[in-house]
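Peer 1: Can you keep this structure in mind? I'll have questions shortly.
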Amino acid sequence: MDARRTVDAVWKFESARIIAGLTRMVHDVGLAEELAQDALVAALEQWPSGGVPDNPGAWLMAVAKRRAIDHIRRSQRLDHTGEDPADARADERGNEPEREQDDVLRLMFLSCHPVLPTEARVALTLRLLGGLTAAEIARAFLVTKQTIARRIAEAKRTLAQRQVPFELPTGAELAERLASVLEVVYLVFNEGYSATAGDDLIRPELCQEALRLGRQLAELAPHEAEVHGLVALMEIQASRSAARTGPSGAPVQLHEQNRGLWDPLHIRRGFAAMLRARDAGGPPGPYVLQAAIAVCHAQARTAEDTDWQQIATLYGALVQLLPTPVVQLNRAVAVGRAQGPEAGLALVDALVADPTLRDYHLLPGVRGDLLTRLGRNAEARLEFQRAASLTRNAAENAFLHRRADEIAPGGGPGLTLGEAVRDFLGRADLDPGTIRSYGQTLRRLRLALGDGLPLASLTADHVERVLTTAWAGAAPRTWNRHRSAVRSFGAWAALPDLAAGVDRRADDRPPAPSIEPAQIEALWSSADVPLRERTLWILLHESGAPVHSVLSLNVEDLDLDDRRARASGSWVNWRSGTARLLPGLVAGRHRGPVFLADRRPGSARMPAAADLCPETGRRRLSYERAEYLFKQATRKLDPSGDGYTLRQLKPSADQ
Amino acid sequence: MRYLMISTGGDAPDEKLFTEMGKFIEELTAAGVLLATGGLEPSGIRMTSSGDEITVTDGPFAEAKEAAAGFALVEVRSKEEALELARRFRKIVGDGESVIQQVFGP
């Protein structure tokens with residue numbers, strides 16, 4: 001057998017304990033991990049020839065501790081202050097497993113410390129507690145290995161700089177710190193259970209890693225009910241993995257799952273964890289409540305046997321602790337089952353204005369379901385169609401369309417919102433920029449209200465609700481842009497008051513300040529700027545002209561001798577910097593755009609003739625592209641790290 | 001991935017073996033690896049089918065040194081991890097045999 005892989009397997013079992021023990025000795029988790037890695041290297045050198053020792057964990061620990069003591073000695077020789085390494089060693093002799101366990105728990109609290117950003121906590125925990133390599137973590141989260149390595153390195157640095165102690169939190173701090181640990185574990189689980197990215201709906205290795213961390217935590221902190229609650233929740237959710245997807249990989253809803261596929265071993269372990277949570281006592285926290293709901297589902301032999309009364313009660317308690325829109329929606333479903341569709345619908349309708357749910361396809365799906373049960377078929381049909389248009393999952397889309405089609409169509413013929421928007425945007429007199437801008441606004445209306453909504457029943461109230469839900473926090477310019485799109489659409493559709501509920505907002509935001517002269521100097525002196533960019537930037541700075549005017553310049557407009565050009569009805573003037581560069585950029589061209597894109601356009605995206613260079617076949621450089629390149633190039637200069645906009649090249653009045 | 005390990009043989013169990021075994025099981029449980037474990041009746045009942053015929057036999061009765069038997073269901077990340085656990089188990093129980101098989105699906 002491959003000795004390397006054996007060493008790796010041993011390492012994954014032992015690394016947390018070793019790193020935890022070393023961290024207590026050297027008070028620096030980064031250094032502790034390095035020392036542990038040294039021991040791992042020693043194992044890789046010695047085990048393939050000498051064989052794996054009987055107790056490989058103890059072997060690794062002994063080597064690592066020797067290195068730690070060497071290290072402490074060395075640093076003491078440098079400064080004569082630290083503790084006697086003999087103490088550290090004496091400390092090691094009383095090597096009770098209990099203290100080792102406490103060290104592992106300390107390590108968990110450390111790697112999930114609130115001073116770290118959540119992503120860093122996740123990476124560091126999988127690294128230190130799970131023994132996973134950066135490459136393994138990267139694969140599970142579908143990011144690059146470098147990203148993970150950087151997150152881990154930064155996390156260690158932060159912990160060292162902030163001098164986060166290696167300790168077990170107590171009192172009021174314990175609850176907060178424990179919540180952070182549980183959050184990290186559940187995050188890992190959810191990333192595996194409902195993969196937010198990638199082709200597979202479930203990534204089992206992450207679920208397993210989370211379960212393992214949770215079970216470990218349950219042994220380390222056996223008196224914390226929430227820990228057992230989380231373990232119960234994860235075990236029961238994991239029990240459904242095989243039933244959650246159909247043969248083609250499409251998701252299967254809980255009430256439609258084949259309960260025979262639920263893994264009884266996981267369920268039993270979940271129930272056991274739930275009992276331990278109950279024994280630990282205290283008022284039930286969010287994980288215990290969620291686990292209790294999962295237990296209710298697991299106990300029902302068929303979907304019809306589900307104790308919805310109990311589940312609705314539990315959601316009622318959960319919503320007090322965790323008032324998120326998704327929990328509220330789930331509560332509405334449970335109430336709809338327990339007390340009838342009327343009660344459920346009342347709760348759902350209260351959620352419609354919540355911006356976080358605006359693209360959540362389950363909301364119209366749940367509404368449609370409740371409306372069907374109330375016999376309000378026309379509305380239900382619309383909701384299912386809307387739900388279908390919101391989901392990105394093909395199987396789900398088909399399922400929702402099927403549900404919509406099953407309902408007998410009601411109401412008379414007439415133009416629907418979807419048809420009207422299509423006709424409106426399809427007019428010949430709109431330029432592409434306007435179509436894109438209007439399209440964004442109207443797409444939001446269609447998604448929120450449904451393509452099937454009869455145009456005649458579209459009201460100002462609808463529009464107000466949709467715009468407020470989607471863009472209440474947007475900048476005034478953005479808000480006004482959406483408003484004018486609606487007004488334009490309303491005028492076209494003979495619904496003149498469509499934007500009546502939407503007020504124009506004053507644009508009180510000052511324009512972004514000009515770039516500081518020092519930064520401009522640095523920009524001009526950077527060597528690796530291509531000629532096109534350099535010319536454009538200097539021209540913008542020297543002329544102070546609007547960006548779109550400068551990009552719209554054609555070669556035939558240029559008056560090189562007088563250093564000026566005619567653009568959009570006004571003059572663009574420049575000075576010596578531009579004058580030196582322009583001839584080289586134009587280089588023998590006689591007509592067409594001055595600033596050209598890098599490539600020729602594909603046949604499908606052919607621009608208007610005015611934006612095409614007759615000599616090179618390339619199109620005019622777009623504002624978006626030019627802006628992007630400038631942002632990228634100035635990221636290092638900008639103290640905020642975002643990079644500047646081209647508009648900021650215009651010198652300020654006092655420069 | 002899950003592995004089922006069925007073990008036979010081993011030294012006659014004494015106090016020391018029980019203690020070590022208890023510690024080992026505790027460790028695996030704490031690590032979140034061990035899903036289920038238990039002892040097995042050494043010989044068991046055998047059922048074979050051939051065509052329409054089902055035959056039930058007791059035994060075969062194992063030799064005395066194979067008297068102990070047990071199983072463990074573990075959840076690990078790799079075959080190597082399963083083998084490492086089996087290796088530790090064999091170090092504790094002494095001479096005998098373990099069969100380690102991956103378990104597919106629930």
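FYI, nothing fancy with the structure tokens labels: chains A, B, ... in order, residues from 1 per chain, ligands from 1 as they appear.
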Going by DSSP on the backbone, which residues of stretch 6-84 of chain B come out as strand (DSSP E or B)? List them as a list of chain:residue names.

Peer 2: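 Put together, the selection reads B:Ile6, B:Ser7, B:Thr8, B:Gly9, B:Leu34, B:Leu35, B:Ala36, B:Thr37, B:Gly38, B:Gly39, B:Ile45, B:Arg46, B:Met47, B:Thr48, B:Ser49, B:Ser50, B:Glu53, B:Ile54, B:Thr55, B:Val56, B:Thr57, B:Asp58, B:Ala69, B:Gly70, B:Phe71, B:Ala72, B:Leu73, B:Val74, B:Glu75.
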
Peer 1: Next, the residues of the selection above should be written as a PDB file, in the first residue's frame with N, CA and C atoms.

Peer 2:
ATOM      1  N   ILE B   6     -15.843  -6.699   9.344  1.00  0.00           N
ATOM      2  CA  ILE B   6     -16.248  -7.870  10.124  1.00  0.00           C
ATOM      3  C   ILE B   6     -14.996  -8.615  10.528  1.00  0.00           C
ATOM      4  N   SER B   7     -14.862  -8.851  11.829  1.00  0.00           N
ATOM      5  CA  SER B   7     -13.617  -9.420  12.337  1.00  0.00           C
ATOM      6  C   SER B   7     -13.880 -10.721  13.066  1.00  0.00           C
ATOM      7  N   THR B   8     -12.952 -11.642  12.908  1.00  0.00           N
ATOM      8  CA  THR B   8     -13.007 -12.891  13.669  1.00  0.00           C
ATOM      9  C   THR B   8     -11.647 -13.121  14.292  1.00  0.00           C
ATOM     10  N   GLY B   9     -11.618 -14.080  15.209  1.00  0.00           N
ATOM     11  CA  GLY B   9     -10.348 -14.444  15.841  1.00  0.00           C
ATOM     12  C   GLY B   9      -9.980 -13.449  16.913  1.00  0.00           C
ATOM     13  N   LEU B  34     -17.132   6.329  14.108  1.00  0.00           N
ATOM     14  CA  LEU B  34     -17.821   5.052  14.303  1.00  0.00           C
ATOM     15  C   LEU B  34     -19.337   5.263  14.281  1.00  0.00           C
ATOM     16  N   LEU B  35     -20.002   4.596  13.339  1.00  0.00           N
ATOM     17  CA  LEU B  35     -21.461   4.750  13.243  1.00  0.00           C
ATOM     18  C   LEU B  35     -22.185   3.691  14.054  1.00  0.00           C
ATOM     19  N   ALA B  36     -21.678   2.478  14.022  1.00  0.00           N
ATOM     20  CA  ALA B  36     -22.319   1.386  14.751  1.00  0.00           C
ATOM     21  C   ALA B  36     -21.300   0.295  14.960  1.00  0.00           C
ATOM     22  N   THR B  37     -21.444  -0.424  16.051  1.00  0.00           N
ATOM     23  CA  THR B  37     -20.543  -1.543  16.299  1.00  0.00           C
ATOM     24  C   THR B  37     -21.244  -2.554  17.197  1.00  0.00           C
ATOM     25  N   GLY B  38     -20.767  -3.771  17.194  1.00  0.00           N
ATOM     26  CA  GLY B  38     -21.365  -4.784  18.049  1.00  0.00           C
ATOM     27  C   GLY B  38     -20.643  -6.106  17.925  1.00  0.00           C
ATOM     28  N   GLY B  39     -20.907  -7.003  18.870  1.00  0.00           N
ATOM     29  CA  GLY B  39     -20.337  -8.340  18.789  1.00  0.00           C
ATOM     30  C   GLY B  39     -21.244  -9.239  17.962  1.00  0.00           C
ATOM     31  N   ILE B  45     -26.234 -18.676  11.455  1.00  0.00           N
ATOM     32  CA  ILE B  45     -27.045 -19.586  10.642  1.00  0.00           C
ATOM     33  C   ILE B  45     -26.813 -19.234   9.190  1.00  0.00           C
ATOM     34  N   ARG B  46     -26.684 -20.254   8.393  1.00  0.00           N
ATOM     35  CA  ARG B  46     -26.366 -20.041   6.998  1.00  0.00           C
ATOM     36  C   ARG B  46     -27.588 -20.374   6.154  1.00  0.00           C
ATOM     37  N   MET B  47     -27.915 -19.539   5.185  1.00  0.00           N
ATOM     38  CA  MET B  47     -29.026 -19.830   4.291  1.00  0.00           C
ATOM     39  C   MET B  47     -28.507 -19.739   2.873  1.00  0.00           C
ATOM     40  N   THR B  48     -28.746 -20.805   2.113  1.00  0.00           N
ATOM     41  CA  THR B  48     -28.321 -20.771   0.720  1.00  0.00           C
ATOM     42  C   THR B  48     -29.524 -21.057  -0.166  1.00  0.00           C
ATOM     43  N   SER B  49     -29.508 -20.473  -1.335  1.00  0.00           N
ATOM     44  CA  SER B  49     -30.585 -20.758  -2.278  1.00  0.00           C
ATOM     45  C   SER B  49     -29.982 -21.268  -3.564  1.00  0.00           C
ATOM     46  N   SER B  50     -30.651 -22.238  -4.135  1.00  0.00           N
ATOM     47  CA  SER B  50     -30.199 -22.796  -5.395  1.00  0.00           C
ATOM     48  C   SER B  50     -31.453 -23.225  -6.129  1.00  0.00           C
ATOM     49  N   GLU B  53     -34.759 -24.122  -4.301  1.00  0.00           N
ATOM     50  CA  GLU B  53     -34.475 -24.715  -2.999  1.00  0.00           C
ATOM     51  C   GLU B  53     -33.743 -23.764  -2.057  1.00  0.00           C
ATOM     52  N   ILE B  54     -34.249 -23.667  -0.841  1.00  0.00           N
ATOM     53  CA  ILE B  54     -33.587 -22.866   0.192  1.00  0.00           C
ATOM     54  C   ILE B  54     -33.083 -23.835   1.258  1.00  0.00           C
ATOM     55  N   THR B  55     -31.814 -23.728   1.577  1.00  0.00           N
ATOM     56  CA  THR B  55     -31.252 -24.609   2.602  1.00  0.00           C
ATOM     57  C   THR B  55     -30.812 -23.787   3.793  1.00  0.00           C
ATOM     58  N   VAL B  56     -31.218 -24.238   4.970  1.00  0.00           N
ATOM     59  CA  VAL B  56     -30.816 -23.553   6.196  1.00  0.00           C
ATOM     60  C   VAL B  56     -29.928 -24.485   6.998  1.00  0.00           C
ATOM     61  N   THR B  57     -28.731 -24.002   7.341  1.00  0.00           N
ATOM     62  CA  THR B  57     -27.850 -24.839   8.156  1.00  0.00           C
ATOM     63  C   THR B  57     -27.312 -24.034   9.320  1.00  0.00           C
ATOM     64  N   ASP B  58     -27.119 -24.684  10.445  1.00  0.00           N
ATOM     65  CA  ASP B  58     -26.431 -24.044  11.559  1.00  0.00           C
ATOM     66  C   ASP B  58     -24.936 -24.142  11.292  1.00  0.00           C
ATOM     67  N   ALA B  69     -16.195 -12.644  17.491  1.00  0.00           N
ATOM     68  CA  ALA B  69     -16.479 -12.000  16.210  1.00  0.00           C
ATOM     69  C   ALA B  69     -17.199 -10.692  16.481  1.00  0.00           C
ATOM     70  N   GLY B  70     -17.047  -9.766  15.580  1.00  0.00           N
ATOM     71  CA  GLY B  70     -17.695  -8.475  15.783  1.00  0.00           C
ATOM     72  C   GLY B  70     -17.728  -7.683  14.489  1.00  0.00           C
ATOM     73  N   PHE B  71     -18.487  -6.601  14.518  1.00  0.00           N
ATOM     74  CA  PHE B  71     -18.525  -5.753  13.324  1.00  0.00           C
ATOM     75  C   PHE B  71     -18.411  -4.294  13.735  1.00  0.00           C
ATOM     76  N   ALA B  72     -17.959  -3.490  12.794  1.00  0.00           N
ATOM     77  CA  ALA B  72     -17.937  -2.040  13.002  1.00  0.00           C
ATOM     78  C   ALA B  72     -18.287  -1.380  11.682  1.00  0.00           C
ATOM     79  N   LEU B  73     -19.175  -0.407  11.755  1.00  0.00           N
ATOM     80  CA  LEU B  73     -19.521   0.383  10.574  1.00  0.00           C
ATOM     81  C   LEU B  73     -18.912   1.758  10.781  1.00  0.00           C
ATOM     82  N   VAL B  74     -17.979   2.135   9.893  1.00  0.00           N
ATOM     83  CA  VAL B  74     -17.296   3.419  10.082  1.00  0.00           C
ATOM     84  C   VAL B  74     -17.536   4.326   8.885  1.00  0.00           C
ATOM     85  N   GLU B  75     -17.492   5.606   9.151  1.00  0.00           N
ATOM     86  CA  GLU B  75     -17.620   6.600   8.079  1.00  0.00           C
ATOM     87  C   GLU B  75     -16.300   7.341   7.985  1.00  0.00           C
TER      88      GLU B  75
END

Peer 1: Select from chain B every residue with an atom at most 9 Å from any atom of chain A, then for each give the shortest pair of atoms and their distance in Å to one decimal, using only C-alpha atoms, rows by chain and rising number, as a Markdown table.

Peer 2:
| residue | atom | partner | partner_atom | distance |
| --- | --- | --- | --- | --- |
| B:Met1 | CA | A:Glu205 | CA | 8.1 |
| B:Thr29 | CA | A:Arg215 | CA | 7.9 |
| B:Ala30 | CA | A:Gln216 | CA | 5.2 |
| B:Ala31 | CA | A:Gln216 | CA | 5.2 |
| B:Gly32 | CA | A:Arg212 | CA | 4.6 |
| B:Val33 | CA | A:Arg212 | CA | 6.8 |
| B:Leu35 | CA | A:Leu265 | CA | 7.9 |
| B:Ala36 | CA | A:Leu265 | CA | 8.4 |
| B:Glu75 | CA | A:Gln208 | CA | 8.0 |
| B:Val76 | CA | A:Gln208 | CA | 8.3 |
| B:Arg77 | CA | A:Glu205 | CA | 7.4 |
| B:Ser78 | CA | A:Ala9 | CA | 7.6 |
| B:Lys79 | CA | A:Ala9 | CA | 8.8 |
| B:Glu80 | CA | A:Thr6 | CA | 5.7 |
| B:Glu81 | CA | A:Ala9 | CA | 4.9 |
| B:Ala82 | CA | A:Ala9 | CA | 8.6 |
| B:Leu83 | CA | A:Thr6 | CA | 8.4 |
| B:Glu84 | CA | A:Val10 | CA | 7.0 |
| B:Arg88 | CA | A:Asp54 | CA | 7.7 |
| B:Lys91 | CA | A:Asp54 | CA | 7.6 |
| B:Gly105 | CA | A:Ala242 | CA | 7.6 |
| B:Pro106 | CA | A:Asp263 | CA | 5.5 |

Peer 1: Would you save the residues of that selection, restricted to C-alpha atoms, as a compact mmCIF listing (two decimals), in the first residue's frame?

Peer 2:
# COMPACT_ATOMS: atom_id res chain seq x y z
CA MET B 1 -17.67 6.74 2.51
CA THR B 29 -17.01 7.73 18.64
CA ALA B 30 -15.53 11.03 19.79
CA ALA B 31 -13.90 11.48 16.40
CA GLY B 32 -17.30 11.03 14.79
CA VAL B 33 -16.08 8.05 12.78
CA LEU B 35 -21.46 4.75 13.24
CA ALA B 36 -22.32 1.39 14.75
CA GLU B 75 -17.62 6.60 8.08
CA VAL B 76 -14.26 7.75 6.72
CA ARG B 77 -12.80 9.80 3.92
CA SER B 78 -10.71 7.17 2.19
CA LYS B 79 -9.91 3.50 1.96
CA GLU B 80 -6.60 4.27 3.69
CA GLU B 81 -8.43 5.66 6.69
CA ALA B 82 -10.55 2.52 6.93
CA LEU B 83 -7.42 0.37 6.71
CA GLU B 84 -5.68 2.45 9.37
CA ARG B 88 -5.28 -0.33 15.05
CA LYS B 91 -3.12 -4.48 17.04
CA GLY B 105 -25.92 3.53 -0.58
CA PRO B 106 -28.28 3.36 2.33

Peer 1: Residues of chain B in alpha helix (DSSP H) according to DSSP, as a PyMOL selection string?

Peer 2: chain B and resi 15-30+79-93

Peer 1: List as a PDB file with N, CA and C atoms, in the first residue's frame the protein and nucleic acid residues near stretch 331-346 of chain A, meaning an atom at most 8 Å away when only C-alpha atoms are counted, but skip any in the same chain fewer than 3 places from it.

Peer 2:
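Written out: out.pdb:
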ATOM      1  N   TRP A 308     -48.521  18.338  11.524  1.00  0.00           N
ATOM      2  CA  TRP A 308     -48.330  19.745  11.144  1.00  0.00           C
ATOM      3  C   TRP A 308     -48.615  20.693  12.300  1.00  0.00           C
ATOM      4  N   GLN A 309     -49.550  20.296  13.182  1.00  0.00           N
ATOM      5  CA  GLN A 309     -49.860  21.132  14.337  1.00  0.00           C
ATOM      6  C   GLN A 309     -48.599  21.387  15.156  1.00  0.00           C
ATOM      7  N   ILE A 311     -45.495  20.929  14.172  1.00  0.00           N
ATOM      8  CA  ILE A 311     -44.475  21.637  13.389  1.00  0.00           C
ATOM      9  C   ILE A 311     -44.773  23.134  13.353  1.00  0.00           C
ATOM     10  N   ALA A 312     -46.044  23.474  13.195  1.00  0.00           N
ATOM     11  CA  ALA A 312     -46.417  24.896  13.176  1.00  0.00           C
ATOM     12  C   ALA A 312     -46.065  25.554  14.511  1.00  0.00           C
ATOM     13  N   TYR A 315     -42.322  26.049  14.585  1.00  0.00           N
ATOM     14  CA  TYR A 315     -41.926  27.184  13.744  1.00  0.00           C
ATOM     15  C   TYR A 315     -42.293  28.503  14.419  1.00  0.00           C
ATOM     16  N   GLY A 316     -43.419  28.499  15.127  1.00  0.00           N
ATOM     17  CA  GLY A 316     -43.814  29.696  15.858  1.00  0.00           C
ATOM     18  C   GLY A 316     -42.749  30.101  16.872  1.00  0.00           C
ATOM     19  N   VAL A 319     -39.445  31.199  14.856  1.00  0.00           N
ATOM     20  CA  VAL A 319     -39.510  32.503  14.204  1.00  0.00           C
ATOM     21  C   VAL A 319     -39.221  33.624  15.208  1.00  0.00           C
ATOM     22  N   VAL A 327     -37.474  31.264   7.178  1.00  0.00           N
ATOM     23  CA  VAL A 327     -38.140  30.593   8.298  1.00  0.00           C
ATOM     24  C   VAL A 327     -39.622  30.984   8.324  1.00  0.00           C
ATOM     25  N   GLN A 328     -39.904  32.262   8.054  1.00  0.00           N
ATOM     26  CA  GLN A 328     -41.301  32.710   8.066  1.00  0.00           C
ATOM     27  C   GLN A 328     -42.115  32.036   6.978  1.00  0.00           C
ATOM     28  N   ASP A 349     -48.677  36.384   2.448  1.00  0.00           N
ATOM     29  CA  ASP A 349     -48.895  37.704   1.867  1.00  0.00           C
ATOM     30  C   ASP A 349     -48.115  38.783   2.606  1.00  0.00           C
ATOM     31  N   ALA A 350     -47.861  38.541   3.895  1.00  0.00           N
ATOM     32  CA  ALA A 350     -47.079  39.511   4.658  1.00  0.00           C
ATOM     33  C   ALA A 350     -45.613  39.505   4.221  1.00  0.00           C
ATOM     34  N   VAL A 366     -45.324  28.514  -3.016  1.00  0.00           N
ATOM     35  CA  VAL A 366     -46.152  28.282  -1.822  1.00  0.00           C
ATOM     36  C   VAL A 366     -47.493  29.012  -1.958  1.00  0.00           C
ATOM     37  N   ARG A 367     -47.426  30.235  -2.462  1.00  0.00           N
ATOM     38  CA  ARG A 367     -48.671  31.013  -2.651  1.00  0.00           C
ATOM     39  C   ARG A 367     -49.603  30.292  -3.611  1.00  0.00           C
ATOM     40  N   LEU A 370     -51.310  27.412  -1.934  1.00  0.00           N
ATOM     41  CA  LEU A 370     -52.377  27.821  -1.018  1.00  0.00           C
ATOM     42  C   LEU A 370     -53.591  28.335  -1.794  1.00  0.00           C
ATOM     43  N   LEU A 371     -53.334  29.072  -2.871  1.00  0.00           N
ATOM     44  CA  LEU A 371     -54.433  29.617  -3.678  1.00  0.00           C
ATOM     45  C   LEU A 371     -55.231  28.487  -4.334  1.00  0.00           C
ATOM     46  N   ARG A 373     -55.661  25.541  -3.161  1.00  0.00           N
ATOM     47  CA  ARG A 373     -56.505  24.905  -2.147  1.00  0.00           C
ATOM     48  C   ARG A 373     -57.688  25.776  -1.787  1.00  0.00           C
ATOM     49  N   LEU A 374     -57.570  27.083  -2.053  1.00  0.00           N
ATOM     50  CA  LEU A 374     -58.699  27.979  -1.798  1.00  0.00           C
ATOM     51  C   LEU A 374     -59.604  28.111  -3.020  1.00  0.00           C
TER      52      LEU A 374
END

Peer 1: For B:Pro13, find every residue with an atom within 10 Å (counting only C-alpha atoms), except residues of its own chain fewer than 5 positions away, and show them as number ranges by chain.

Peer 2: B: 18, 21, 68, 93-94

Peer 1: Smallest atom-to-atom distance to A:Val26: which of A:Gly544, A:Gly577, A:Pro165, A:Gly418, using only C-alpha atoms?

Peer 2: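 For A:Val26, the nearest of the given residues is A:Pro165.
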
Peer 1: At what distance in Å, to one decimal, does atom CA of A:Ser488 lie from atom CA of A:Ala506?

Peer 2: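 Atom CA of A:Ser488 lies 19.6 Å from atom CA of A:Ala506.
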
Peer 1: Select, from A:Gly285, A:Gln299, A:Glu521, A:His255, the residue with the minimum atom-to-atom distance to A:Ile267, counting only C-alpha atoms.

Peer 2: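 So, comparing all the options, the nearest one is A:Gln299.
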
Peer 1: So that I can check the surroundings of stretch 470-474 of chain A, please list as a ChimeraX atom specification every protein, DNA and RNA residue that reaches within 8 Å of it, counting only C-alpha atoms and ignoring chain neighbours fewer than 5 positions away.

Peer 2: /A:355,358,444,479
